[in-house]
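> Next comes work.pdb, PDB, C-alpha atoms, pLDDT in the B column:
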ATOM      1  CA  MET A1217      16.664  -1.423   8.903  1.00 63.00           C
ATOM      2  CA  ALA A1218      14.700  -0.776   5.750  1.00 71.00           C
ATOM      3  CA  ASP A1219      16.008  -1.378   2.248  1.00 83.00           C
ATOM      4  CA  PRO A1220      17.687   1.919   1.188  1.00 87.00           C
ATOM      5  CA  SER A1221      16.438   1.663  -2.412  1.00 93.00           C
ATOM      6  CA  LEU A1222      12.869   1.215  -1.116  1.00 95.00           C
ATOM      7  CA  ALA A1223      13.269   4.311   1.061  1.00 95.00           C
ATOM      8  CA  VAL A1224      14.543   6.380  -1.875  1.00 96.00           C
ATOM      9  CA  TRP A1225      11.726   5.249  -4.169  1.00 97.00           C
ATOM     10  CA  LEU A1226       9.008   5.860  -1.568  1.00 97.00           C
ATOM     11  CA  GLY A1227      10.435   9.282  -0.693  1.00 97.00           C
ATOM     12  CA  ARG A1228      10.540  10.330  -4.363  1.00 97.00           C
ATOM     13  CA  LEU A1229       7.047   8.980  -5.020  1.00 97.00           C
ATOM     14  CA  GLN A1230       5.670  10.892  -2.043  1.00 97.00           C
ATOM     15  CA  GLU A1231       7.404  14.140  -3.049  1.00 96.00           C
ATOM     16  CA  ALA A1232       6.077  13.841  -6.605  1.00 97.00           C
ATOM     17  CA  SER A1233       2.588  13.078  -5.263  1.00 97.00           C
ATOM     18  CA  PHE A1234       2.534  16.133  -3.010  1.00 95.00           C
ATOM     19  CA  SER A1235       3.898  18.351  -5.795  1.00 95.00           C
ATOM     20  CA  ARG A1236       0.796  17.449  -7.866  1.00 95.00           C
ATOM     21  CA  ALA A1237      -1.656  17.521  -4.917  1.00 95.00           C
ATOM     22  CA  GLY A1238      -4.222  20.231  -4.463  1.00 94.00           C
ATOM     23  CA  PRO A1239      -4.217  22.751  -1.634  1.00 94.00           C
ATOM     24  CA  ALA A1240      -6.646  20.738   0.528  1.00 94.00           C
ATOM     25  CA  MET A1241      -4.410  17.646   0.470  1.00 92.00           C
ATOM     26  CA  ARG A1242      -1.269  19.663   1.192  1.00 91.00           C
ATOM     27  CA  ARG A1243      -3.063  21.361   4.093  1.00 91.00           C
ATOM     28  CA  ALA A1244      -4.360  18.050   5.500  1.00 90.00           C
ATOM     29  CA  TYR A1245      -0.907  16.449   5.230  1.00 90.00           C
ATOM     30  CA  PRO A1246       1.546  19.226   6.210  1.00 91.00           C
ATOM     31  CA  PRO A1247       5.263  18.600   5.556  1.00 90.00           C
ATOM     32  CA  GLU A1248       6.144  18.336   9.248  1.00 91.00           C
ATOM     33  CA  ARG A1249       3.685  15.435   9.643  1.00 91.00           C
ATOM     34  CA  ARG A1250       4.798  13.427   6.598  1.00 94.00           C
ATOM     35  CA  MET A1251       7.002  10.379   7.011  1.00 95.00           C
ATOM     36  CA  THR A1252      10.477  10.454   5.491  1.00 95.00           C
ATOM     37  CA  GLY A1253      11.408   7.900   2.847  1.00 96.00           C
ATOM     38  CA  SER A1254      13.173   5.807   5.507  1.00 95.00           C
ATOM     39  CA  GLN A1255      10.179   5.995   7.847  1.00 95.00           C
ATOM     40  CA  LEU A1256       7.854   4.980   5.000  1.00 96.00           C
ATOM     41  CA  ALA A1257      10.010   1.959   4.150  1.00 96.00           C
ATOM     42  CA  GLU A1258      10.308   0.836   7.781  1.00 95.00           C
ATOM     43  CA  TYR A1259       6.582   1.340   8.396  1.00 95.00           C
ATOM     44  CA  LEU A1260       5.513  -0.633   5.308  1.00 96.00           C
ATOM     45  CA  GLU A1261       8.022  -3.417   5.991  1.00 93.00           C
ATOM     46  CA  ARG A1262       6.603  -4.016   9.478  1.00 92.00           C
ATOM     47  CA  ARG A1263       2.926  -3.743   8.547  1.00 94.00           C
ATOM     48  CA  THR A1264       1.252  -6.891   7.210  1.00 93.00           C
ATOM     49  CA  TYR A1265      -2.225  -5.798   6.140  1.00 96.00           C
ATOM     50  CA  ALA A1266      -3.696  -2.975   4.105  1.00 97.00           C
ATOM     51  CA  LEU A1267      -7.245  -2.032   3.236  1.00 98.00           C
ATOM     52  CA  ALA A1268      -7.648  -2.376  -0.535  1.00 98.00           C
ATOM     53  CA  SER A1269     -10.366  -0.269  -2.129  1.00 98.00           C
ATOM     54  CA  SER A1270     -11.624  -0.931  -5.630  1.00 98.00           C
ATOM     55  CA  THR A1271     -14.605  -0.046  -7.787  1.00 97.00           C
ATOM     56  CA  ARG A1272     -17.189  -2.653  -8.717  1.00 95.00           C
ATOM     57  CA  PRO A1273     -18.202  -2.879 -12.386  1.00 93.00           C
ATOM     58  CA  ASP A1274     -21.483  -1.094 -11.515  1.00 94.00           C
ATOM     59  CA  GLY A1275     -19.570   1.801  -9.878  1.00 94.00           C
ATOM     60  CA  ARG A1276     -20.143   0.911  -6.224  1.00 95.00           C
ATOM     61  CA  ALA A1277     -17.175   0.990  -3.865  1.00 96.00           C
ATOM     62  CA  HIS A1278     -15.630  -2.181  -2.447  1.00 97.00           C
ATOM     63  CA  ALA A1279     -13.050  -2.412   0.355  1.00 98.00           C
ATOM     64  CA  ALA A1280     -11.453  -5.446   1.985  1.00 96.00           C
ATOM     65  CA  PRO A1281      -8.346  -6.149   4.073  1.00 96.00           C
ATOM     66  CA  THR A1282      -5.432  -7.856   2.359  1.00 96.00           C
ATOM     67  CA  LEU A1283      -1.916  -9.081   2.966  1.00 95.00           C
ATOM     68  CA  PHE A1284       0.663  -7.082   1.059  1.00 96.00           C
ATOM     69  CA  SER A1285       4.349  -6.817   0.286  1.00 94.00           C
ATOM     70  CA  VAL A1286       6.302  -4.053  -1.395  1.00 95.00           C
ATOM     71  CA  TRP A1287       8.897  -4.970  -4.019  1.00 93.00           C
ATOM     72  CA  ALA A1288      10.183  -3.637  -7.334  1.00 92.00           C
ATOM     73  CA  GLU A1289       8.307  -0.346  -6.966  1.00 96.00           C
ATOM     74  CA  ALA A1290       4.932  -2.052  -6.560  1.00 97.00           C
ATOM     75  CA  PHE A1291       2.576  -3.400  -3.913  1.00 97.00           C
ATOM     76  CA  TRP A1292       1.795  -7.122  -4.261  1.00 96.00           C
ATOM     77  CA  LEU A1293      -1.461  -8.583  -2.897  1.00 97.00           C
ATOM     78  CA  PRO A1294      -2.314 -12.318  -2.819  1.00 96.00           C
ATOM     79  CA  THR A1295      -5.967 -12.914  -3.621  1.00 95.00           C
ATOM     80  CA  VAL A1296      -8.347 -15.879  -3.389  1.00 95.00           C
ATOM     81  CA  GLY A1297     -10.041 -17.121  -6.526  1.00 93.00           C
ATOM     82  CA  GLY A1298     -13.437 -15.575  -7.214  1.00 93.00           C
ATOM     83  CA  ALA A1299     -12.778 -12.531  -5.016  1.00 95.00           C
ATOM     84  CA  ALA A1300     -14.796  -9.418  -5.787  1.00 95.00           C
ATOM     85  CA  ARG A1301     -11.504  -7.519  -5.893  1.00 95.00           C
ATOM     86  CA  LEU A1302     -10.379  -9.610  -8.923  1.00 95.00           C
ATOM     87  CA  ARG A1303     -13.553  -8.852 -10.859  1.00 95.00           C
ATOM     88  CA  ASN A1304     -13.286  -5.208  -9.889  1.00 97.00           C
ATOM     89  CA  VAL A1305      -9.676  -4.817 -11.025  1.00 97.00           C
ATOM     90  CA  ARG A1306     -10.421  -6.565 -14.302  1.00 96.00           C
ATOM     91  CA  ALA A1307     -13.260  -4.082 -14.933  1.00 95.00           C
ATOM     92  CA  ASN A1308     -11.546  -0.996 -13.430  1.00 96.00           C
ATOM     93  CA  PRO A1309      -7.779  -1.569 -13.133  1.00 97.00           C
ATOM     94  CA  TRP A1310      -7.129   0.775 -10.224  1.00 97.00           C
ATOM     95  CA  LEU A1311      -6.696   0.211  -6.486  1.00 98.00           C
ATOM     96  CA  ALA A1312      -6.314   2.448  -3.465  1.00 98.00           C
ATOM     97  CA  LEU A1313      -4.472   1.074  -0.437  1.00 98.00           C
ATOM     98  CA  SER A1314      -4.691   2.356   3.138  1.00 98.00           C
ATOM     99  CA  VAL A1315      -2.230   1.240   5.818  1.00 97.00           C
ATOM    100  CA  ILE A1316      -3.212   2.764   9.171  1.00 95.00           C
ATOM    101  CA  GLU A1317      -2.217   2.263  12.800  1.00 93.00           C
ATOM    102  CA  GLY A1318      -2.774   3.930  16.146  1.00 88.00           C
ATOM    103  CA  GLU A1319      -5.413   6.283  17.454  1.00 92.00           C
ATOM    104  CA  HIS A1320      -5.745  10.006  18.027  1.00 92.00           C
ATOM    105  CA  ASP A1321      -2.372  11.628  18.790  1.00 90.00           C
ATOM    106  CA  THR A1322      -0.387   8.463  17.969  1.00 90.00           C
ATOM    107  CA  HIS A1323      -1.870   7.503  14.595  1.00 92.00           C
ATOM    108  CA  ALA A1324      -0.074   7.173  11.283  1.00 93.00           C
ATOM    109  CA  ALA A1325      -1.275   6.429   7.774  1.00 96.00           C
ATOM    110  CA  VAL A1326       0.057   5.677   4.322  1.00 97.00           C
ATOM    111  CA  LEU A1327      -2.298   6.028   1.380  1.00 97.00           C
ATOM    112  CA  ALA A1328      -1.296   4.763  -2.064  1.00 98.00           C
ATOM    113  CA  GLU A1329      -3.195   4.423  -5.292  1.00 97.00           C
ATOM    114  CA  GLY A1330      -2.395   3.323  -8.786  1.00 98.00           C
ATOM    115  CA  LEU A1331      -2.824   1.016 -11.701  1.00 98.00           C
ATOM    116  CA  ALA A1332      -3.529  -2.600 -10.726  1.00 98.00           C
ATOM    117  CA  GLU A1333      -3.155  -5.767 -12.727  1.00 97.00           C
ATOM    118  CA  VAL A1334      -4.094  -9.382 -12.112  1.00 97.00           C
ATOM    119  CA  LEU A1335      -1.230 -11.907 -12.306  1.00 96.00           C
ATOM    120  CA  GLU A1336      -1.521 -15.678 -12.145  1.00 92.00           C
ATOM    121  CA  THR A1337       2.099 -16.110 -11.060  1.00 89.00           C
ATOM    122  CA  VAL A1338       4.588 -13.880  -9.264  1.00 91.00           C
ATOM    123  CA  PRO A1339       8.337 -13.902  -8.753  1.00 90.00           C
ATOM    124  CA  ALA A1340       9.424 -16.361  -6.046  1.00 90.00           C
ATOM    125  CA  TYR A1341      10.818 -13.464  -4.003  1.00 90.00           C
ATOM    126  CA  VAL A1342       7.365 -11.862  -3.762  1.00 91.00           C
ATOM    127  CA  ARG A1343       5.680 -15.106  -2.742  1.00 90.00           C
ATOM    128  CA  ASP A1344       8.399 -15.984  -0.199  1.00 89.00           C
ATOM    129  CA  THR A1345       8.472 -12.481   1.299  1.00 90.00           C
ATOM    130  CA  THR A1346       4.691 -12.294   1.605  1.00 89.00           C
ATOM    131  CA  GLU A1347       4.572 -15.790   3.121  1.00 89.00           C
ATOM    132  CA  ALA A1348       7.194 -14.747   5.699  1.00 89.00           C
ATOM    133  CA  ARG A1349       5.156 -11.619   6.499  1.00 88.00           C
ATOM    134  CA  ASN A1350       2.205 -13.971   7.047  1.00 86.00           C
ATOM    135  CA  GLU A1351       4.197 -15.687   9.834  1.00 89.00           C
ATOM    136  CA  GLY A1352       5.260 -18.475   7.488  1.00 86.00           C
ATOM    137  CA  VAL A1353       1.715 -19.598   6.730  1.00 88.00           C
ATOM    138  CA  SER A1354       1.481 -20.993   3.192  1.00 90.00           C
ATOM    139  CA  LEU A1355      -0.068 -18.871   0.482  1.00 92.00           C
ATOM    140  CA  ASP A1356      -1.291 -21.888  -1.502  1.00 90.00           C
ATOM    141  CA  TRP A1357      -4.755 -20.372  -1.305  1.00 92.00           C
ATOM    142  CA  ALA A1358      -3.680 -17.428  -3.524  1.00 93.00           C
ATOM    143  CA  ALA A1359      -5.240 -18.090  -6.918  1.00 93.00           C
ATOM    144  CA  ALA A1360      -4.030 -14.751  -8.256  1.00 95.00           C
ATOM    145  CA  TRP A1361      -1.962 -11.748  -7.252  1.00 95.00           C
ATOM    146  CA  LEU A1362      -2.605  -8.084  -7.747  1.00 97.00           C
ATOM    147  CA  ARG A1363       0.344  -5.866  -8.581  1.00 97.00           C
ATOM    148  CA  VAL A1364      -0.390  -2.228  -7.803  1.00 98.00           C
ATOM    149  CA  THR A1365       1.987   0.312  -9.311  1.00 98.00           C
ATOM    150  CA  PRO A1366       1.343   3.437  -7.262  1.00 98.00           C
ATOM    151  CA  GLU A1367       1.050   6.773  -8.989  1.00 97.00           C
ATOM    152  CA  ARG A1368       0.334   8.611  -5.742  1.00 97.00           C
ATOM    153  CA  LEU A1369       1.456   8.030  -2.182  1.00 98.00           C
ATOM    154  CA  PHE A1370       0.767  10.178   0.857  1.00 97.00           C
ATOM    155  CA  SER A1371       1.719   9.718   4.494  1.00 97.00           C
ATOM    156  CA  PHE A1372       0.793  11.302   7.790  1.00 95.00           C
ATOM    157  CA  ALA A1373       2.156  10.706  11.276  1.00 93.00           C
ATOM    158  CA  GLU A1374       0.953  12.495  14.394  1.00 90.00           C
ATOM    159  CA  PHE A1375       3.649  13.975  16.596  1.00 85.00           C
ATOM    160  CA  GLY A1376       3.047  11.258  19.212  1.00 84.00           C
ATOM    161  CA  TRP A1377       3.512   8.410  16.711  1.00 88.00           C
ATOM    162  CA  GLN A1378       6.376   6.107  17.679  1.00 83.00           C
ATOM    163  CA  GLY A1379       7.330   4.818  14.224  1.00 75.00           C
TER     164      GLY A1379
END
Spell out the structure here as structure tokens.

Amino acid sequence: MADPSLAVWLGRLQEASFSRAGPAMRRAYPPERRMTGSQLAEYLERRTYALASSTRPDGRAHAAPTLFSVWAEAFWLPTVGGAARLRNVRANPWLALSVIEGEHDTHAAVLAEGLAEVLETVPAYVRDTTEARNEGVSLDWAAAWLRVTPERLFSFAEFGWQG
């Protein structure tokens, strides 16, 4: 069962995001296909990887898979030293995350985007939780962490999705 406070935060963030969204986004993500706050929390707690998209200093797009955890109203991403994503966030402190599963009539997606910052250290809870999500494999390789504070979050789940 998902953390109730996580479910409340995600539900509120999604509602606020859709209230500011344009007609095309609201049409593409109709209310009956959006995940509830509880579904969002459960989905994100069982998913391990997201696709992180950033902007290179010269304006070109960059995307790469990453481990992630959600805690304290933020997404936390361990990152190797020298990663393009670190340079990108330092130049343009914004990330978009995509967490997608399934195909066709059973697919689901959560899209989040927001301000990102580079941290050299993180709370022990974040490190321990992310390590556990990584099947207990050490995260000693993480030279830095990105904390993404989402300003927008959208979800979509096909009717056949078994979340």
> Report the residues retrieved by the PyMOL selection byres ((chain A and resi 1360) around 7) from the displayed file, expressed as a list in words.
Pro1294, Thr1295, Val1296, Gly1297, Val1334, Leu1335, Glu1336, Thr1337, Ala1358, Ala1359, Trp1361 and Leu1362 of chain A
> I'd like the residues picked by the PyMOL selection byres ((chain A and resi 1257-1274) around 8) written out as a PyMOL selection string, using the chain letters and numbers from the file.
chain A and resi 1217-1219+1222-1223+1226+1253-1256+1275-1286+1300-1301+1303-1305+1307-1308+1310-1316+1349-1350+1379
> Write to file, as a tab-separated table (two decimals), in the coordinates of the input, the residues of the selection just made, with C-alpha atoms.

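Wrote it out as selection.tsv, contents follow:
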chain	number	residue	atom	x	y	z
A	1217	MET	CA	16.66	-1.42	8.90
A	1218	ALA	CA	14.70	-0.78	5.75
A	1219	ASP	CA	16.01	-1.38	2.25
A	1222	LEU	CA	12.87	1.22	-1.12
A	1223	ALA	CA	13.27	4.31	1.06
A	1226	LEU	CA	9.01	5.86	-1.57
A	1253	GLY	CA	11.41	7.90	2.85
A	1254	SER	CA	13.17	5.81	5.51
A	1255	GLN	CA	10.18	6.00	7.85
A	1256	LEU	CA	7.85	4.98	5.00
A	1275	GLY	CA	-19.57	1.80	-9.88
A	1276	ARG	CA	-20.14	0.91	-6.22
A	1277	ALA	CA	-17.18	0.99	-3.86
A	1278	HIS	CA	-15.63	-2.18	-2.45
A	1279	ALA	CA	-13.05	-2.41	0.36
A	1280	ALA	CA	-11.45	-5.45	1.98
A	1281	PRO	CA	-8.35	-6.15	4.07
A	1282	THR	CA	-5.43	-7.86	2.36
A	1283	LEU	CA	-1.92	-9.08	2.97
A	1284	PHE	CA	0.66	-7.08	1.06
A	1285	SER	CA	4.35	-6.82	0.29
A	1286	VAL	CA	6.30	-4.05	-1.40
A	1300	ALA	CA	-14.80	-9.42	-5.79
A	1301	ARG	CA	-11.50	-7.52	-5.89
A	1303	ARG	CA	-13.55	-8.85	-10.86
A	1304	ASN	CA	-13.29	-5.21	-9.89
A	1305	VAL	CA	-9.68	-4.82	-11.02
A	1307	ALA	CA	-13.26	-4.08	-14.93
A	1308	ASN	CA	-11.55	-1.00	-13.43
A	1310	TRP	CA	-7.13	0.78	-10.22
A	1311	LEU	CA	-6.70	0.21	-6.49
A	1312	ALA	CA	-6.31	2.45	-3.46
A	1313	LEU	CA	-4.47	1.07	-0.44
A	1314	SER	CA	-4.69	2.36	3.14
A	1315	VAL	CA	-2.23	1.24	5.82
A	1316	ILE	CA	-3.21	2.76	9.17
A	1349	ARG	CA	5.16	-11.62	6.50
A	1350	ASN	CA	2.20	-13.97	7.05
A	1379	GLY	CA	7.33	4.82	14.22
> To one decimal place, how far is CA of Leu1302 (chain A) from CA of Trp1225 (chain A) in Å?
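For CA of Leu1302 (chain A) relative to CA of Trp1225 (chain A), the distance reads 27.1 Å.
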> So that I can check the surroundings of Ala1244 (chain A), please list as JSON, numbers by chain every protein, DNA and RNA residue that reaches within 12 Å of it, counting only C-alpha atoms and ignoring chain neighbours fewer than 6 positions away.
{"A": [1234, 1237, 1238, 1250, 1370, 1371, 1372, 1373, 1374]}
> Please identify all polymer residues lying at most 6 Å from the point (3.2, 2.8, -4.8) (file coordinates), using all atoms listed in the file, and present the result as number ranges by chain.
A: 1290, 1328, 1365-1366
> Would you compute, for all listed atoms of region 1266-1276 of chain A, the axis-aligned bounding box grown by 4 Å on each side, and then report its centre and edge lengths in Å rounded to one decimal, as JSON?

{"center_x": -12.6, "center_y": -0.6, "center_z": -4.1, "size_x": 25.8, "size_y": 12.8, "size_z": 24.5}
> For this structure, which residues satisfy the selection - the PyMOL selection byres ((chain A and resi 1318) around 10) - when it is evaluated on the file as given? I want them as a list in words.
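For this structure, the PyMOL selection byres ((chain A and resi 1318) around 10) resolves to Ile1316, Glu1317, Glu1319, His1320, Asp1321, Thr1322, His1323, Ala1324, Ala1325, Ala1373, Glu1374, Gly1376, Trp1377 and Gln1378 of chain A.
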> So how far away is CA of Pro1309 (chain A) from CA of Arg1368 (chain A), in Å?
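If I compute the distance from CA of Arg1368 (chain A) to CA of Pro1309 (chain A), I get 15.0 Å.
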